Protein chains: 2
Amino acid sequence: MSKQRFHDHAEWLRGDGPGHDVVLSSRVRLARNFAGFNFPGRASQDDQARVMELAKEHITGLGLDPGVVWVDLEALDAEERTVLVERHLISKQHAKGKGARGVAVSNPDERLSIMINEEDHLRIQVIRSGVALAEAFDQIDSVDDRLESRIDYAFSPRFGYLTACPTNVGTGIRVSVMLHLPALKHMGEMDKVRKAAKAMGLAVRGFYGEGSDAVGDFYQLSNQTTLGRSERDLMVGFERDIVPKVVEYERMARKNLLERRRAFLEDRVWRALGILRNARLMKADEAMEHLSQVRLGVVSGVLDGSGLTLPEVQQLLLFVQPAHLQKARHRQMDQAERRLERARLLREAMGPSA
Amino acid sequence: MSKQRFHDHAEWLRGDGPGHDVVLSSRVRLARNFAGFNFPGRASQDDQARVMELAKEHITGLGLDPGVVWVDLEALDAEERTVLVERHLISKQHAKGKGARGVAVSNPDERLSIMINEEDHLRIQVIRSGVALAEAFDQIDSVDDRLESRIDYAFSPRFGYLTACPTNVGTGIRVSVMLHLPALKHMGEMDKVRKAAKAMGLAVRGFYGEGSDAVGDFYQLSNQTTLGRSERDLMVGFERDIVPKVVEYERMARKNLLERRRAFLEDRVWRALGILRNARLMKADEAMEHLSQVRLGVVSGVLDGSGLTLPEVQQLLLFVQPAHLQKARHRQMDQAERRLERARLLREAMGPSA
């Protein structure tokens with residue numbers, strides 16, 4: 001079976017940018033609300049619909065480049081909404097929510113997305129490949145400034161931006177990076193990392209954010225406090241002081257594995273690839289675990305000559321997810337059928353062996 | 001890497017004969033002792049040496065065709081003796097024993113082997129591929145008759161042939177088959193098989209006999225009692241009544257897997273092959289487990305098109321053993337190095353993937 005190419009435009013799957021060996025993507029998110037309207041959780045249906053209208057008017061009014069696609073979540077079925085969740089464009093809560101709500105997404109790079117009527121009226125998000133919080137911040141800051149020139153944001157001179165959840169009050173900013181820490185996991189160092197993060201007031205979450213497990217050694221590291229410092233200070237501190245430490249720690253662990261336990265590392269990586277290329281049934285989480293090992297193999301050079309590239313491997317992280325798999329096969333499937341098709345897709349995408 | 005061929009002459013690796021889909025080999029063994037000498041466990045060094053001389057004189061005097069190779073175990077080092085254990089030509093106890101002792105082996109088919117000064121003065125063994133106890137019995141019976149015409153065996157008109165261990169007194173015969181029961185294992189039926197065997201007075205042992213675990217779903221099934229029936233009766237009862245039942249039971253389990261759980265079966269088989277073709281470190285027992293799945297894949301047709309044959313797979317059961325591995329690489333290795341070389345040998349032998 002010859003290797004079949006899958007391609008996806010999402011920014012966070014590009015596999016480039018500074019520090020991309022460890023950091024898949026950088027994300028900045030702002031929580032903003034319209035003055036004079038209840039937060040979505042307490043808004044009347046009419047107010048919720050009015051916020052949607054206003055948001056659409058003002059966001060499209062910005063004339064962003066690239067342009068945004070406007071998605072009305074009420075018009076989508078559950079599976080289409082899950083596709084957006086899997087793409088990290090909306091949250092699970094937003095997918096499950098009720099009433100007028102939507103998301104604006106920059107097309108086709110998906111760097112910028114704005115959720116309307118999630119927990120706050122607006123959740124603005126910018127994602128970049130690798131370590132690129134400054135660039136992400138500049139873009140989001142510019143969008144925020146231009147929106148603020150048109151919208152009367154809920155703001156308190158004393159507390160700052162007002163948000164539905166008190167943890168977001170102040171700057172309303174959350175900065176995060178998606179880390180790939182397989183070597184620290186192999187060395188049994190993840191507990192230390194979690195403790196250190198906690199001590200610095202940071203949260204460690206899984207691949208799909210709050211409440212999700214750290215499947216496949218992918219971890220989201222983000223700030224917890226948003227009050228009392230400027231957005232830029234928060235972002236700069238995170239990017240300059242915290243992220244490089246974690247990146248360095250993981251790189252040292254990889255160096256250690258390569259120099260002192262190379263056979264162990266090669267064994268893990270090649271077995272993972274062997275399973276992905278040969279399995280006939282595959283769960284999503286198991287696929288993520290193996291893809292994590294293969295990603296490590298690609299960035300560490302262990303898989304040089306295998307013909308696999310980093311973007312290919314990263315895109316498979318997305319294509320093995322249930323809704324994307326169904327989308328690729330153009331049909332609904334039950335769990336047993338998905339396991340069969342997921343294994344088939346992986347064999348098609350990853351090449352060699354029958 | 002192109003597939004490298006390994007070849008071995010051992011009869012039990014041929015992968016042919018009736019019922020070879022389930023039965024690797026049939027074995028008949030006779031325990032015999034010289035009259036007028038203590039059993040080996042109680043013999044003086046001189047008597048032990050004298051028995052060796054007599055045995056060599058009479059066995060070579062038979063002028064067997066094919067001829068036998070005479071192996072003096074005292075002249076071998078521990079690794080060379082282990083090679084013979086791995087080939088099922090001598091027992092572990094015989095390898096570890098003291099004083100004059102040896103084994104005569106028919107060359108090159110290794111169908112016939114005669115241990116001298118193991119637990120008894122003579123342990124005569126004939127092995128055949130597949131279900132072939134009658135043929136094995138005919139050969140061993142003929143060798144036994146010809147030896148008895150030259151040697152005064154220890155015999156009691158009341159009890160029959162006298163042996164060191166009371167369980168062998170009488171006919172001194174043990175008949176056994178080496179079974180491959182992966183489907184019964186997958187279906188969780190092995191406990192039932194063990195209980196049924198026990199109820200029929202049969203012993204279920206592992207790949208390397210007494211005290212060895214049933215690694216890789218290979219089981220030796222043998223008679224326990226040797227007293228009160230003729231050798232031929234025992235052998236015929238075992239071959240006609242017992243073996244076909246187990247074979248049929250395993251075949252039904254395979255049919256069931258193929259018809260009702262085909263994806264599960266294919267997944268198990270292909271993953272095993274994927275791991276064997278890609279691992280960089282491999283323990284002997286783990287290799288046996290995967291080779292067991294691959295053997296099931298080959299005989300059930302799941303691996304049609306993989307280019308693997310049954311003899312190739314069976315020979316690897318032997319080549320992954322520690323002493324054979326060292327012999328193939330022409331050097332002593334510690335455990336870590338063996339795991340590395342075992343994985344390399346499997347990749348060389350099983351083909352595709354880098």
# chains A, B, ... in the order shown; residues from 1 in each chain; ligands from 1
call {"tool": "closest_atom_pairs", "arguments": {"of": "chain B", "to": "chain A", "cutoff": "7 Å", "atoms": "only C-alpha atoms", "output": "tab-separated table"}}
result
residue	atom	partner	partner_atom	distance
B:Ala263	CA	A:Arg280	CA	6.4
B:Glu266	CA	A:Arg280	CA	6.3
B:Asp267	CA	A:Arg280	CA	4.3
B:Trp270	CA	A:Asn278	CA	5.3
B:Arg271	CA	A:Ala279	CA	5.1
B:Gly274	CA	A:Gly274	CA	4.5
B:Ile275	CA	A:Arg271	CA	5.4
B:Asn278	CA	A:Trp270	CA	5.3
B:Ala279	CA	A:Arg271	CA	5.1
B:Arg280	CA	A:Asp267	CA	4.3
B:Leu281	CA	A:Asp267	CA	5.8
B:Pro352	CA	A:Ser353	CA	6.5
B:Ser353	CA	A:Pro352	CA	6.5
call {"tool": "residues_around", "arguments": {"residues": "Ala49 (chain A)", "least_positions_apart": "6", "cutoff": "9 Å", "atoms": "only C-alpha atoms", "output": "PyMOL selection string"}}
result
chain A and resi 99-101
call {"tool": "write_last_selection", "arguments": {"atoms": "N, CA and C atoms", "output": "PDB file, in the first residue's frame"}}
result
ATOM      1  N   GLY A  99     -28.904  27.904  22.535  1.00  0.00           N
ATOM      2  CA  GLY A  99     -29.221  29.239  22.058  1.00  0.00           C
ATOM      3  C   GLY A  99     -28.242  29.787  21.040  1.00  0.00           C
ATOM      4  N   ALA A 100     -28.419  31.079  20.716  1.00  0.00           N
ATOM      5  CA  ALA A 100     -27.603  31.732  19.693  1.00  0.00           C
ATOM      6  C   ALA A 100     -26.153  31.776  20.132  1.00  0.00           C
ATOM      7  N   ARG A 101     -25.293  31.154  19.362  1.00  0.00           N
ATOM      8  CA  ARG A 101     -23.863  31.162  19.678  1.00  0.00           C
ATOM      9  C   ARG A 101     -23.102  30.788  18.418  1.00  0.00           C
TER      10      ARG A 101
END
call {"tool": "residues_around", "arguments": {"residues": "Val243 (chain A)", "least_positions_apart": "5", "cutoff": "12 Å", "atoms": "only C-alpha atoms", "output": "PDB file with N, CA and C atoms, in the first residue's frame"}}
result
ATOM      1  N   PRO A  18       9.817  28.509  16.264  1.00  0.00           N
ATOM      2  CA  PRO A  18      10.888  28.261  17.227  1.00  0.00           C
ATOM      3  C   PRO A  18      10.474  27.196  18.253  1.00  0.00           C
ATOM      4  N   GLY A  19      11.404  26.326  18.589  1.00  0.00           N
ATOM      5  CA  GLY A  19      11.156  25.332  19.639  1.00  0.00           C
ATOM      6  C   GLY A  19      10.108  24.307  19.280  1.00  0.00           C
ATOM      7  N   VAL A  22       9.651  20.721  20.780  1.00  0.00           N
ATOM      8  CA  VAL A  22       8.961  20.468  22.053  1.00  0.00           C
ATOM      9  C   VAL A  22       7.594  21.160  22.100  1.00  0.00           C
ATOM     10  N   VAL A  23       7.493  22.322  21.464  1.00  0.00           N
ATOM     11  CA  VAL A  23       6.264  23.111  21.568  1.00  0.00           C
ATOM     12  C   VAL A  23       5.481  23.061  20.255  1.00  0.00           C
ATOM     13  N   SER A  25       2.440  24.481  19.771  1.00  0.00           N
ATOM     14  CA  SER A  25       1.805  25.753  19.464  1.00  0.00           C
ATOM     15  C   SER A  25       1.729  26.647  20.692  1.00  0.00           C
ATOM     16  N   SER A  26       1.594  27.942  20.405  1.00  0.00           N
ATOM     17  CA  SER A  26       1.394  28.951  21.441  1.00  0.00           C
ATOM     18  C   SER A  26       0.009  29.533  21.244  1.00  0.00           C
ATOM     19  N   GLY A 130       4.797  26.537  17.235  1.00  0.00           N
ATOM     20  CA  GLY A 130       6.024  26.713  18.013  1.00  0.00           C
ATOM     21  C   GLY A 130       5.864  27.754  19.106  1.00  0.00           C
ATOM     22  N   VAL A 131       6.999  28.249  19.599  1.00  0.00           N
ATOM     23  CA  VAL A 131       6.975  29.273  20.648  1.00  0.00           C
ATOM     24  C   VAL A 131       6.836  30.630  19.973  1.00  0.00           C
ATOM     25  N   ALA A 132       5.657  31.204  20.026  1.00  0.00           N
ATOM     26  CA  ALA A 132       5.412  32.461  19.306  1.00  0.00           C
ATOM     27  C   ALA A 132       4.327  33.246  20.020  1.00  0.00           C
ATOM     28  N   LEU A 133       4.482  33.365  21.344  1.00  0.00           N
ATOM     29  CA  LEU A 133       3.466  34.073  22.120  1.00  0.00           C
ATOM     30  C   LEU A 133       3.458  35.557  21.805  1.00  0.00           C
ATOM     31  N   VAL A 175      -2.583  32.726  28.541  1.00  0.00           N
ATOM     32  CA  VAL A 175      -1.565  32.328  27.564  1.00  0.00           C
ATOM     33  C   VAL A 175      -1.246  30.864  27.842  1.00  0.00           C
ATOM     34  N   SER A 176      -1.035  30.118  26.781  1.00  0.00           N
ATOM     35  CA  SER A 176      -0.709  28.708  26.984  1.00  0.00           C
ATOM     36  C   SER A 176       0.152  28.193  25.845  1.00  0.00           C
ATOM     37  N   VAL A 177       0.849  27.126  26.139  1.00  0.00           N
ATOM     38  CA  VAL A 177       1.601  26.429  25.095  1.00  0.00           C
ATOM     39  C   VAL A 177       1.205  24.952  25.135  1.00  0.00           C
ATOM     40  N   MET A 178       1.188  24.336  23.948  1.00  0.00           N
ATOM     41  CA  MET A 178       0.952  22.898  23.867  1.00  0.00           C
ATOM     42  C   MET A 178       2.311  22.231  23.773  1.00  0.00           C
ATOM     43  N   LEU A 179       2.637  21.482  24.818  1.00  0.00           N
ATOM     44  CA  LEU A 179       3.965  20.874  24.920  1.00  0.00           C
ATOM     45  C   LEU A 179       3.926  19.392  24.583  1.00  0.00           C
ATOM     46  N   VAL A 193       7.516  18.022  37.069  1.00  0.00           N
ATOM     47  CA  VAL A 193       7.081  19.120  36.202  1.00  0.00           C
ATOM     48  C   VAL A 193       5.746  19.684  36.695  1.00  0.00           C
ATOM     49  N   ALA A 197       5.147  23.443  38.071  1.00  0.00           N
ATOM     50  CA  ALA A 197       4.157  24.293  37.407  1.00  0.00           C
ATOM     51  C   ALA A 197       3.162  24.848  38.427  1.00  0.00           C
ATOM     52  N   MET A 200       4.464  27.628  40.450  1.00  0.00           N
ATOM     53  CA  MET A 200       4.562  28.903  39.726  1.00  0.00           C
ATOM     54  C   MET A 200       3.188  29.445  39.357  1.00  0.00           C
ATOM     55  N   LEU A 202       0.860  27.866  37.631  1.00  0.00           N
ATOM     56  CA  LEU A 202       0.489  27.475  36.268  1.00  0.00           C
ATOM     57  C   LEU A 202      -0.393  26.229  36.301  1.00  0.00           C
ATOM     58  N   GLN A 220      -0.973  20.929  27.933  1.00  0.00           N
ATOM     59  CA  GLN A 220      -1.159  22.377  27.815  1.00  0.00           C
ATOM     60  C   GLN A 220      -0.735  23.020  29.116  1.00  0.00           C
ATOM     61  N   LEU A 221       0.196  23.936  28.992  1.00  0.00           N
ATOM     62  CA  LEU A 221       0.659  24.670  30.166  1.00  0.00           C
ATOM     63  C   LEU A 221       0.144  26.100  30.046  1.00  0.00           C
ATOM     64  N   SER A 222      -0.556  26.580  31.092  1.00  0.00           N
ATOM     65  CA  SER A 222      -1.127  27.926  30.974  1.00  0.00           C
ATOM     66  C   SER A 222      -1.087  28.676  32.295  1.00  0.00           C
ATOM     67  N   ASN A 223      -1.189  30.007  32.192  1.00  0.00           N
ATOM     68  CA  ASN A 223      -1.261  30.828  33.404  1.00  0.00           C
ATOM     69  C   ASN A 223      -2.607  30.651  34.080  1.00  0.00           C
ATOM     70  N   MET A 235       2.307  37.760  29.369  1.00  0.00           N
ATOM     71  CA  MET A 235       2.744  37.011  28.195  1.00  0.00           C
ATOM     72  C   MET A 235       4.257  36.925  28.147  1.00  0.00           C
ATOM     73  N   VAL A 236       4.925  38.073  28.388  1.00  0.00           N
ATOM     74  CA  VAL A 236       6.387  38.119  28.311  1.00  0.00           C
ATOM     75  C   VAL A 236       7.012  37.227  29.382  1.00  0.00           C
ATOM     76  N   GLY A 237       6.468  37.301  30.599  1.00  0.00           N
ATOM     77  CA  GLY A 237       6.989  36.460  31.677  1.00  0.00           C
ATOM     78  C   GLY A 237       6.865  34.984  31.337  1.00  0.00           C
ATOM     79  N   PHE A 238       5.737  34.636  30.754  1.00  0.00           N
ATOM     80  CA  PHE A 238       5.485  33.239  30.393  1.00  0.00           C
ATOM     81  C   PHE A 238       6.449  32.775  29.307  1.00  0.00           C
ATOM     82  N   GLU A 248      13.912  23.325  27.781  1.00  0.00           N
ATOM     83  CA  GLU A 248      15.276  22.877  28.066  1.00  0.00           C
ATOM     84  C   GLU A 248      15.271  21.562  28.843  1.00  0.00           C
ATOM     85  N   TYR A 249      14.348  21.441  29.754  1.00  0.00           N
ATOM     86  CA  TYR A 249      14.230  20.247  30.594  1.00  0.00           C
ATOM     87  C   TYR A 249      13.904  19.019  29.723  1.00  0.00           C
ATOM     88  N   GLU A 250      12.946  19.191  28.829  1.00  0.00           N
ATOM     89  CA  GLU A 250      12.586  18.088  27.925  1.00  0.00           C
ATOM     90  C   GLU A 250      13.749  17.761  26.979  1.00  0.00           C
TER      91      GLU A 250
END
call {"tool": "residues_around", "arguments": {"residues": "Thr171 (chain B)", "least_positions_apart": "3", "cutoff": "10 Å", "atoms": "only C-alpha atoms", "output": "PyMOL selection string"}}
result
chain B and resi 30-32+159-163+168+174+225-232+234
call {"tool": "select_by_dssp", "arguments": {"residues": "region 111-354 of chain A", "states": "strand (DSSP E)", "output": "ChimeraX atom specification"}}
result
/A:112-116,122-129,155-156,160-161,173-180,202-205,218-223
call {"tool": "residues_around", "arguments": {"residues": "Arg87 (chain A)", "least_positions_apart": "2", "cutoff": "10 Å", "atoms": "only C-alpha atoms", "output": "ChimeraX atom specification"}}
result
/A:10,12-13,81-85,89-91,110,208,318-319,321,324
call {"tool": "atom_distance", "arguments": {"atom1": "CA of Glu148 (chain B)", "atom2": "CA of Lys92 (chain B)"}}
result
27.1 Å
call {"tool": "atom_distance", "arguments": {"atom1": "CA of Glu259 (chain A)", "atom2": "CA of Val302 (chain A)"}}
result
12.0 Å
call {"tool": "closest_residue", "arguments": {"among": "A:Leu24, A:Leu181, A:Ala95, A:Leu325", "to": "Asp72 (chain A)", "atoms": "only C-alpha atoms"}}
result
A:Ala95
call {"tool": "atom_distance", "arguments": {"atom1": "CA of Gln93 (chain A)", "atom2": "CA of Glu119 (chain A)"}}
result
8.4 Å
call {"tool": "residues_around", "arguments": {"residues": "region 105-107 of chain A", "least_positions_apart": "5", "cutoff": "10 Å", "atoms": "only C-alpha atoms", "output": "list in words"}}
result
His9, Ala10, Leu64, Asp65, Pro66, Gly67, Val68, Val69, Trp70, Val71, Leu89, Ile90, Leu112, Ser113, Ile114, Met115, Gln125 and Val126 of chain A
call {"tool": "closest_residue", "arguments": {"among": "B:Pro157, B:Gly307, B:Gly188, B:Pro182", "to": "Val247 (chain B)", "atoms": "only C-alpha atoms"}}
result
B:Pro182
call {"tool": "select_by_dssp", "arguments": {"residues": "region 167-347 of chain A", "states": "alpha helix (DSSP H)", "output": "PyMOL selection string"}}
result
chain A and resi 182-186+190-199+231-237+243-260+262-278+284-300+310-319+322-328+335-347
call {"tool": "residues_around", "arguments": {"residues": "Ala154 (chain B)", "least_positions_apart": "5", "cutoff": "6 Å", "atoms": "only C-alpha atoms", "output": "list in words"}}
result
Asn33, Phe34, Ala35 and Leu162 of chain B
